[in-house]
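Trainee: Structure below; questions to follow.
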Amino acid sequence: MPLLEDKSYIKKIDGLMWYLIRTMPRSENHADRFFSAYNIPHYLPKYNKHYINTVTAKNGKKYQYNRLSALVPMFPGYIFAALDLGGISETRRNRHIIQICLNQNYPEEKLISDLNTVQDFEFLARNNRIEVKQELKVGERVIITCGPFKGWEGIIERRADNNLVWIRVETIGFSMAMEIAAADCEIA
């Protein structure tokens with residue numbers, strides 16, 4: 001488990017710098033265990049992914065059923081860690097890590113701010129259905145006016161029905177979508 005698993009937000013740590021780290025495919029949990037073993041502050045955002053299977057019966061009818069949800073990384077192939085020079089060299093030697101992305105055009109303060117937004121999504125995903133994808137669909141920009149997401153801006157991705165819309169919010173080069181009541185949104 002990540003060191004940062006309670007509702008405490010990520011902060012700047014003296015002598016360390018937060019980095020985005022690329023992992024081998026499906027190796028985020030290995031990197032998580034590596035950072036835990038070396039007591040390196042890190043953050044692996046996860047959410048409950050809901051699976052729906054479709055089966056075609058012998059008579060040709062299609063049936064859908066829900067499988068158990070699974071806790072999966074929000075950003076496949078990425079983990080975040082606060083490193084110093086020794087931590088960087090130790091991290092580079094790990095076989096599950098591909099690259100430490102340097103913050104040349106993305107200041108650490110912005111990364112920490114975006115990670116705190118991601119943490120909000122992670123905490124809210126425990127009780128709400130949240131979808132995570134890497135692409136951003138073009139639509140109307142809206143501001144959420146009430147509820148736990150009040151003040152957040154996003155783009156309407158699709159309309160679930162007359163009362164609900166899917167809003168996509170972009171952060172850290174990825175986007176996250178959530179189902180919101182249409183009445184709780186206004187055009188920005």
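Naming works like this for the structure tokens: A, B, ... for the chains as they're shown, residue 1 at the start of each chain, ligands 1 onward in shown order.
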Tell me, as a ChimeraX atom specification, which residues lie within 7 Å of Ile187 of chain A, counting only C-alpha atoms; anything in the same chain fewer than 6 positions away does not count.

Mentor: /A:141-143

Trainee: Pull the closest atom pair for each residue of segment 52-93 of chain A that gets at most 12 Å from segment 169-177 of chain A, along with the distance in Å to one decimal, counting only C-alpha atoms, ordering rows by chain and then ascending residue number, as a Markdown table.

Mentor:
```
| residue | atom | partner | partner_atom | distance |
| --- | --- | --- | --- | --- |
| A:Met74 | CA | A:Met176 | CA | 8.7 |
| A:Phe75 | CA | A:Phe174 | CA | 7.6 |
| A:Pro76 | CA | A:Phe174 | CA | 10.5 |
| A:Tyr78 | CA | A:Ile172 | CA | 11.0 |
| A:Ile79 | CA | A:Ile172 | CA | 11.8 |
| A:Phe80 | CA | A:Ile172 | CA | 11.2 |
```

Trainee: Write to file, as a CSV table (one decimal), in the first residue's frame, the residues of the selection just made, with N, CA and C atoms.

Mentor:
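part.csv, written as the output of this step:
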```
chain,number,residue,atom,x,y,z
A,74,MET,N,-5.3,4.2,-11.5
A,74,MET,CA,-5.9,5.2,-12.3
A,74,MET,C,-5.2,5.5,-13.6
A,75,PHE,N,-3.9,5.5,-13.5
A,75,PHE,CA,-3.0,5.9,-14.6
A,75,PHE,C,-2.1,4.7,-14.9
A,76,PRO,N,-2.5,3.8,-15.8
A,76,PRO,CA,-1.7,2.6,-16.1
A,76,PRO,C,-0.3,3.0,-16.5
A,78,TYR,N,2.0,4.3,-14.6
A,78,TYR,CA,2.6,5.5,-13.9
A,78,TYR,C,2.4,5.4,-12.4
A,79,ILE,N,3.4,5.9,-11.6
A,79,ILE,CA,3.4,6.0,-10.2
A,79,ILE,C,4.1,7.3,-9.9
A,80,PHE,N,3.9,7.9,-8.7
A,80,PHE,CA,4.5,9.2,-8.3
A,80,PHE,C,5.3,8.9,-7.1
```

Trainee: Skipping near chain neighbours, those fewer than 3 positions away, what residues fall within 7 Å of Asn48 of chain A using only C-alpha atoms, listed as a list in words?

Mentor: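 Counting only the stated atoms, we get Ser69, Ala70, Leu71 and Val72 of chain A.
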
Trainee: Hey, can you spit out that residue selection with C-alpha atoms as a PDB file, in the first residue's frame?

Mentor:
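The resulting file, out_18.pdb, is shown below:
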```pdb
ATOM      1  CA  SER A  69     -15.055  -4.711  -9.286  1.00  0.00           C
ATOM      2  CA  ALA A  70     -11.275  -4.613  -9.010  1.00  0.00           C
ATOM      3  CA  LEU A  71      -8.956  -2.005  -7.530  1.00  0.00           C
ATOM      4  CA  VAL A  72      -6.786  -0.853 -10.461  1.00  0.00           C
TER       5      VAL A  72
END
```

Trainee: Using only C-alpha atoms, determine which residues lie at most 12 Å from Ile10 of chain A, disregarding the query and same-chain residues fewer than 2 positions distant; provide the list as a PyMOL selection string.

Mentor: chain A and resi 2-8+12-13+17-18+41-45+80-82+108-120

Trainee: For a quick check of understanding, using only C-alpha atoms, which of A:Phe123, A:Tyr106, A:Leu164, A:Pro25 has the smallest distance to Tyr9 of chain A?

Mentor: A:Phe123

Trainee: At a cut-off of 6 Å, using only C-alpha atoms, what residues contact segment 145-155 of chain A? Leave out same-chain residues fewer than 5 positions from it and give the result as a list in words.

Mentor: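 What passes the distance filter is Gly139, Glu140, Ile167, Arg168, Val169, Asp184 and Cys185 of chain A.
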
Trainee: What does the distance between atom CA of Ile97 of chain A and atom CA of Asp84 of chain A come to in Å, to one decimal place?

Mentor: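 The value is 16.3 Å.
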
Trainee: Can you list every residue in chain A that DSSP puts in alpha helix (DSSP H), as a PyMOL selection string?

Mentor: chain A and resi 28-37+85-92+108-125
